[in-house]
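Since the structure comes first, as structure tokens, the remarks are kept for the end.
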Amino acid sequence: MEKKFEFESAGIEILKVTSASADLQIDLVEEGNVVAFVEVDSNDYVPEAERSGKKLTIRFQKGTNINIPFIKNLFDGGADVKSIRLLVPKNIQELDANNASGDVNISDFDLRSLKVNNVSGDVKIENCSMNEFNLSTVSGDLTFVASNYRRGKFGSVSGDLSIKGIPPMERDTSVSTVSGDAIISYSGEPRFDATISSVSGDVSSDMGLVKVDKKHYRYGNGEPQEYLKMSSVSGDLLISAKYRGAPAKDVKVESSPASSEENRSYRAAVVEENLQDQETKKILRLFKEGKLTKEYALEMLGVLGYSEKEIEEMLEVDEELKKLKNSIDVVMKDEDTESKELQESPEKVDTPEEPNLTREKKEGD
């Protein structure tokens, strides 16, 4: 049976919706209260609702809205919420949808922020715009179509991510999967600075990306509009500029002061990561020009977080690095031996022989 519930929304700007195991459809209406049409098999079912300032939280839990735990648990086993259709008025500016098992469909909104957490169902976002978009899913697929954002974070474990038709503009995008594939298709020619990596999957594009260094890519002439990060463990990553479907909406709603500050922090983090790649390039160039010793190149690249194997591949002197490592080990061993001898024989004041690496550094200077 279908039951209707209405929630007072005057003065409400933030709506949080939680469902355990139901399909969730959220549609926009011009005005009025938040209205829910719930397909449920119990006459006694009532969702929980809580209002705090400008925030309304609705929990479409199993069972009935009874505050006595023992009695409530008796009812919980009998009510099965199958589907929820939620009508949300325009005064809602931030939407947070959480679902454990079931599909989530959201369409036609202009928001400050949209957050979706889903465990095992598919998610579809259509004809929406927002300053902030955050998706987290485990095994469901995402379809993000004819929609737009200024800052977007897409995360999936085993589901595929399909971001279709976003227009070139100033934007921050982060896409990460474990075993799922991810595709971003632009409706025009973007200009971006990107960090793209997949451990065992393929990275491909029809745009002729320029590889700057390691995982660092660029596309387009002039200053980049977008900072893009795509990563996967075993999934494939694809970037395209050939989307010909419905155009995405403009981002209309202005950021709140808090969101603007978060934007600046996120952009700073992305820029720092790209600057790290620039620093890597600079170190390699100085090493090839003979302006940095192997020792210093090894140390500096290690500080940037590269493993010994990665450094060996970048410097292309595997054998030399192994010899260098062995010589360092010998020097350190000799220093430890001499230090112990000094501790055991205080009267001995001979100065230890200067390590070879130090002499090489002086000669280089």
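By convention in this document, the chains of the structure tokens carry letters A, B, ... by their order, each chain's residues are numbered from 1, and ligands are numbered from 1 in the order they are shown.
Excluding Ser198 of chain A itself and any same-chain residue fewer than 4 positions from it, the protein and nucleic acid residues within 12 Å of it, counting only C-alpha atoms, are Val175, Ser176, Thr177, Val178, Ser179, Gly180, Asp181, Ala182, Asp202, Val203, Ser204, Lys214, Lys215, Lys229, Met230, Ser231, Ser232, Val233, Ser234, Gly235, Asp236, Leu237 and Leu238 of chain A.
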query = Hey, what's within 9 Å of Val40 of chain A if we count only C-alpha atoms and toss same-chain stuff fewer than 6 positions away? As a list in words, please?
reply =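 Near neighbours after the sequence-gap exclusion: Met1, Glu2, Lys3, Ala79, Asp80, Val81, Lys82, Ser83 and Ile84 of chain A.
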task = Kindly indicate which residue among A:Asp44, A:Asp141, A:Glu189, A:Glu6 lies nearest to Met169 of chain A, using only C-alpha atoms for the distances.
result =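 Of A:Asp44, A:Asp141, A:Glu189, A:Glu6, the one nearest Met169 of chain A, counting only C-alpha atoms, is A:Glu189.
For the pair atom CA of Ile239 of chain A and atom CA of Lys115 of chain A, the separation is 23.7 Å.
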ask   = Among segment 117-243 of chain A, which residues carry a DSSP assignment of strand (DSSP E or B), reported as a PyMOL selection string?
value = chain A and resi 117-118+123-126+129-137+142-145+148-156+161-166+171-177+182-186+192-198+203-205+210-213+216-219+226-232+237-240
message = If you run DSSP on the backbone here, which positions in segment 36-257 of chain A get helix (DSSP H, G or I)? Please write them as a list in words.
response =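 So the helix (DSSP H, G or I) residues in segment 36-257 of chain A would be Pro69, Phe70, Ile71, Lys72, Asn73, Leu74, Phe75, Asp76 and Pro257 of chain A.
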Residue neighbourhood Pro190 of chain A, 12 Å, only C-alpha atoms, exclusion window fewer than 4 positions, as a VMD selection string = chain A and resid 165 to 171 184 to 186 194 207 to 209 218 to 228 239 to 242
Can I get the selected residues back with N, CA and C atoms, as a PDB file, in the first residue's frame?
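So the final result, stored in out_20.pdb, reads:
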```pdb
ATOM      1  N   GLY A 165      28.665  14.533 -20.137  1.00  0.00           N
ATOM      2  CA  GLY A 165      28.247  15.819 -20.679  1.00  0.00           C
ATOM      3  C   GLY A 165      28.539  17.032 -19.830  1.00  0.00           C
ATOM      4  N   ILE A 166      29.560  16.985 -18.970  1.00  0.00           N
ATOM      5  CA  ILE A 166      29.861  18.186 -18.199  1.00  0.00           C
ATOM      6  C   ILE A 166      30.556  19.212 -19.110  1.00  0.00           C
ATOM      7  N   PRO A 167      30.164  20.478 -19.016  1.00  0.00           N
ATOM      8  CA  PRO A 167      30.751  21.494 -19.888  1.00  0.00           C
ATOM      9  C   PRO A 167      32.104  21.963 -19.361  1.00  0.00           C
ATOM     10  N   PRO A 168      33.003  22.406 -20.220  1.00  0.00           N
ATOM     11  CA  PRO A 168      34.265  22.970 -19.742  1.00  0.00           C
ATOM     12  C   PRO A 168      33.993  24.225 -18.918  1.00  0.00           C
ATOM     13  N   MET A 169      34.577  24.307 -17.735  1.00  0.00           N
ATOM     14  CA  MET A 169      34.414  25.475 -16.869  1.00  0.00           C
ATOM     15  C   MET A 169      35.388  25.353 -15.697  1.00  0.00           C
ATOM     16  N   GLU A 170      35.439  26.370 -14.863  1.00  0.00           N
ATOM     17  CA  GLU A 170      36.273  26.314 -13.673  1.00  0.00           C
ATOM     18  C   GLU A 170      35.666  25.308 -12.706  1.00  0.00           C
ATOM     19  N   ARG A 171      36.454  24.273 -12.369  1.00  0.00           N
ATOM     20  CA  ARG A 171      35.872  23.152 -11.640  1.00  0.00           C
ATOM     21  C   ARG A 171      36.980  22.336 -10.968  1.00  0.00           C
ATOM     22  N   ILE A 184      34.646  10.026 -17.920  1.00  0.00           N
ATOM     23  CA  ILE A 184      34.210  11.420 -17.923  1.00  0.00           C
ATOM     24  C   ILE A 184      34.129  11.856 -19.374  1.00  0.00           C
ATOM     25  N   SER A 185      32.956  12.313 -19.802  1.00  0.00           N
ATOM     26  CA  SER A 185      32.816  12.805 -21.173  1.00  0.00           C
ATOM     27  C   SER A 185      32.365  14.252 -21.131  1.00  0.00           C
ATOM     28  N   TYR A 186      33.163  15.123 -21.757  1.00  0.00           N
ATOM     29  CA  TYR A 186      32.886  16.557 -21.792  1.00  0.00           C
ATOM     30  C   TYR A 186      32.035  16.904 -23.017  1.00  0.00           C
ATOM     31  N   ALA A 194      45.714  17.540 -14.686  1.00  0.00           N
ATOM     32  CA  ALA A 194      45.158  16.298 -14.156  1.00  0.00           C
ATOM     33  C   ALA A 194      46.215  15.371 -13.582  1.00  0.00           C
ATOM     34  N   MET A 207      41.425  12.563 -26.637  1.00  0.00           N
ATOM     35  CA  MET A 207      41.733  13.988 -26.646  1.00  0.00           C
ATOM     36  C   MET A 207      43.215  14.304 -26.822  1.00  0.00           C
ATOM     37  N   GLY A 208      44.066  13.307 -26.888  1.00  0.00           N
ATOM     38  CA  GLY A 208      45.487  13.613 -27.041  1.00  0.00           C
ATOM     39  C   GLY A 208      46.068  14.300 -25.822  1.00  0.00           C
ATOM     40  N   LEU A 209      45.949  13.672 -24.665  1.00  0.00           N
ATOM     41  CA  LEU A 209      46.464  14.262 -23.434  1.00  0.00           C
ATOM     42  C   LEU A 209      47.981  14.428 -23.514  1.00  0.00           C
ATOM     43  N   ARG A 218      48.092  17.134 -18.934  1.00  0.00           N
ATOM     44  CA  ARG A 218      47.435  18.416 -19.218  1.00  0.00           C
ATOM     45  C   ARG A 218      46.698  18.319 -20.539  1.00  0.00           C
ATOM     46  N   TYR A 219      45.680  19.189 -20.656  1.00  0.00           N
ATOM     47  CA  TYR A 219      44.976  19.276 -21.927  1.00  0.00           C
ATOM     48  C   TYR A 219      44.448  20.693 -22.103  1.00  0.00           C
ATOM     49  N   GLY A 220      44.560  21.201 -23.336  1.00  0.00           N
ATOM     50  CA  GLY A 220      44.030  22.522 -23.656  1.00  0.00           C
ATOM     51  C   GLY A 220      45.091  23.598 -23.580  1.00  0.00           C
ATOM     52  N   ASN A 221      44.859  24.683 -24.308  1.00  0.00           N
ATOM     53  CA  ASN A 221      45.788  25.808 -24.343  1.00  0.00           C
ATOM     54  C   ASN A 221      45.421  26.827 -23.266  1.00  0.00           C
ATOM     55  N   GLY A 222      46.437  27.494 -22.737  1.00  0.00           N
ATOM     56  CA  GLY A 222      46.191  28.514 -21.728  1.00  0.00           C
ATOM     57  C   GLY A 222      46.121  27.925 -20.328  1.00  0.00           C
ATOM     58  N   GLU A 223      45.758  28.781 -19.373  1.00  0.00           N
ATOM     59  CA  GLU A 223      45.653  28.349 -17.993  1.00  0.00           C
ATOM     60  C   GLU A 223      44.549  27.314 -17.827  1.00  0.00           C
ATOM     61  N   PRO A 224      44.795  26.262 -17.031  1.00  0.00           N
ATOM     62  CA  PRO A 224      43.753  25.245 -16.831  1.00  0.00           C
ATOM     63  C   PRO A 224      42.551  25.807 -16.080  1.00  0.00           C
ATOM     64  N   GLN A 225      41.356  25.427 -16.529  1.00  0.00           N
ATOM     65  CA  GLN A 225      40.134  25.792 -15.825  1.00  0.00           C
ATOM     66  C   GLN A 225      39.823  24.788 -14.719  1.00  0.00           C
ATOM     67  N   GLU A 226      40.184  23.532 -14.978  1.00  0.00           N
ATOM     68  CA  GLU A 226      39.762  22.462 -14.083  1.00  0.00           C
ATOM     69  C   GLU A 226      40.963  21.717 -13.533  1.00  0.00           C
ATOM     70  N   TYR A 227      40.837  21.312 -12.264  1.00  0.00           N
ATOM     71  CA  TYR A 227      41.816  20.430 -11.649  1.00  0.00           C
ATOM     72  C   TYR A 227      41.151  19.068 -11.491  1.00  0.00           C
ATOM     73  N   LEU A 228      41.687  18.074 -12.187  1.00  0.00           N
ATOM     74  CA  LEU A 228      41.065  16.760 -12.280  1.00  0.00           C
ATOM     75  C   LEU A 228      41.976  15.697 -11.684  1.00  0.00           C
ATOM     76  N   ILE A 239      38.684   9.354 -20.617  1.00  0.00           N
ATOM     77  CA  ILE A 239      38.315  10.765 -20.710  1.00  0.00           C
ATOM     78  C   ILE A 239      37.995  11.073 -22.165  1.00  0.00           C
ATOM     79  N   SER A 240      36.842  11.695 -22.392  1.00  0.00           N
ATOM     80  CA  SER A 240      36.397  11.963 -23.752  1.00  0.00           C
ATOM     81  C   SER A 240      35.851  13.378 -23.871  1.00  0.00           C
ATOM     82  N   ALA A 241      35.898  13.927 -25.076  1.00  0.00           N
ATOM     83  CA  ALA A 241      35.307  15.242 -25.346  1.00  0.00           C
ATOM     84  C   ALA A 241      34.299  15.144 -26.480  1.00  0.00           C
ATOM     85  N   LYS A 242      33.642  13.999 -26.595  1.00  0.00           N
ATOM     86  CA  LYS A 242      32.738  13.766 -27.727  1.00  0.00           C
ATOM     87  C   LYS A 242      31.290  13.554 -27.308  1.00  0.00           C
TER      88      LYS A 242
END
```
key: Closest of A:Ser120, A:Ser162, A:Asn148, A:Thr137 to Ser107 of chain A - atom-to-atom distances counting only C-alpha atoms   = A:Asn148
inquiry  = So, with only C-alpha atoms as the atoms that count, which of A:Met314, A:Leu28, A:Ile183, A:Val119 lies closest to Ser158 of chain A?
reply    =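 For Ser158 of chain A, the nearest of the candidates is A:Val119.
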task = Have a look at A:Thr18, A:Ser205, A:Asn118, A:Asn134 and name the one nearest to Tyr149 of chain A; count only C-alpha atoms.
result =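 Using only C-alpha atoms, Tyr149 of chain A sits closest to A:Asn134.
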ask   = Hey, can you check how far atom CA of Ile125 of chain A sits from atom CA of Asp103 of chain A?
value =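 Between these atoms lies a distance of 11.2 Å.
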ask   = Got a sec: who's within 12 Å of Leu292 of chain A, counting only C-alpha atoms, leaving out chain neighbours fewer than 2 positions off, as a PyMOL selection string?
value = chain A and resi 282-290+294-301+315+360-361+364-365
request  = Report the distance between atom CA of Arg244 of chain A and atom CA of Gly121 of chain A in Å, rounded to one decimal place.
outcome  =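 Here the two named atoms are 27.2 Å from each other.
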ask   = Taking into account only C-alpha atoms, which residue in the set A:Lys16, A:Gln93, A:Lys124, A:Phe5 is nearest to Tyr45 of chain A?
value =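 Among the listed residues, A:Phe5 lies closest to Tyr45 of chain A.
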What's around segment 46-56 of chain A at 7 Å? Count only C-alpha atoms, leave out sequence neighbours fewer than 2 positions away in its own chain, and write the answer as a short mmCIF file (atom, residue, chain, number, x, y, z; two decimals) with C-alpha atoms, in the first residue's frame.
```cif
data_model
loop_
_atom_site.label_atom_id
_atom_site.label_comp_id
_atom_site.auth_asym_id
_atom_site.auth_seq_id
_atom_site.Cartn_x
_atom_site.Cartn_y
_atom_site.Cartn_z
CA GLY A 11 12.39 28.01 6.86
CA ILE A 12 14.11 24.72 6.00
CA GLU A 13 17.22 24.86 3.79
CA ILE A 14 18.89 21.52 4.58
CA LEU A 15 17.20 18.14 4.09
CA LYS A 16 18.72 14.83 5.17
CA ASP A 44 1.00 1.36 11.35
CA ILE A 58 13.64 12.22 7.83
CA ARG A 59 14.38 8.56 8.56
CA PHE A 60 12.39 6.03 6.56
CA GLN A 61 13.15 3.22 8.95
CA THR A 64 6.69 2.57 13.36
CA ASN A 65 7.51 5.79 15.13
#
```
query = Which residue gives the smallest distance to Glu132 of chain A among A:Ser174, A:Asn98, A:Asn91, A:Ser156, with only C-alpha atoms counted?
reply =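 For Glu132 of chain A, the nearest of the candidates is A:Ser174.
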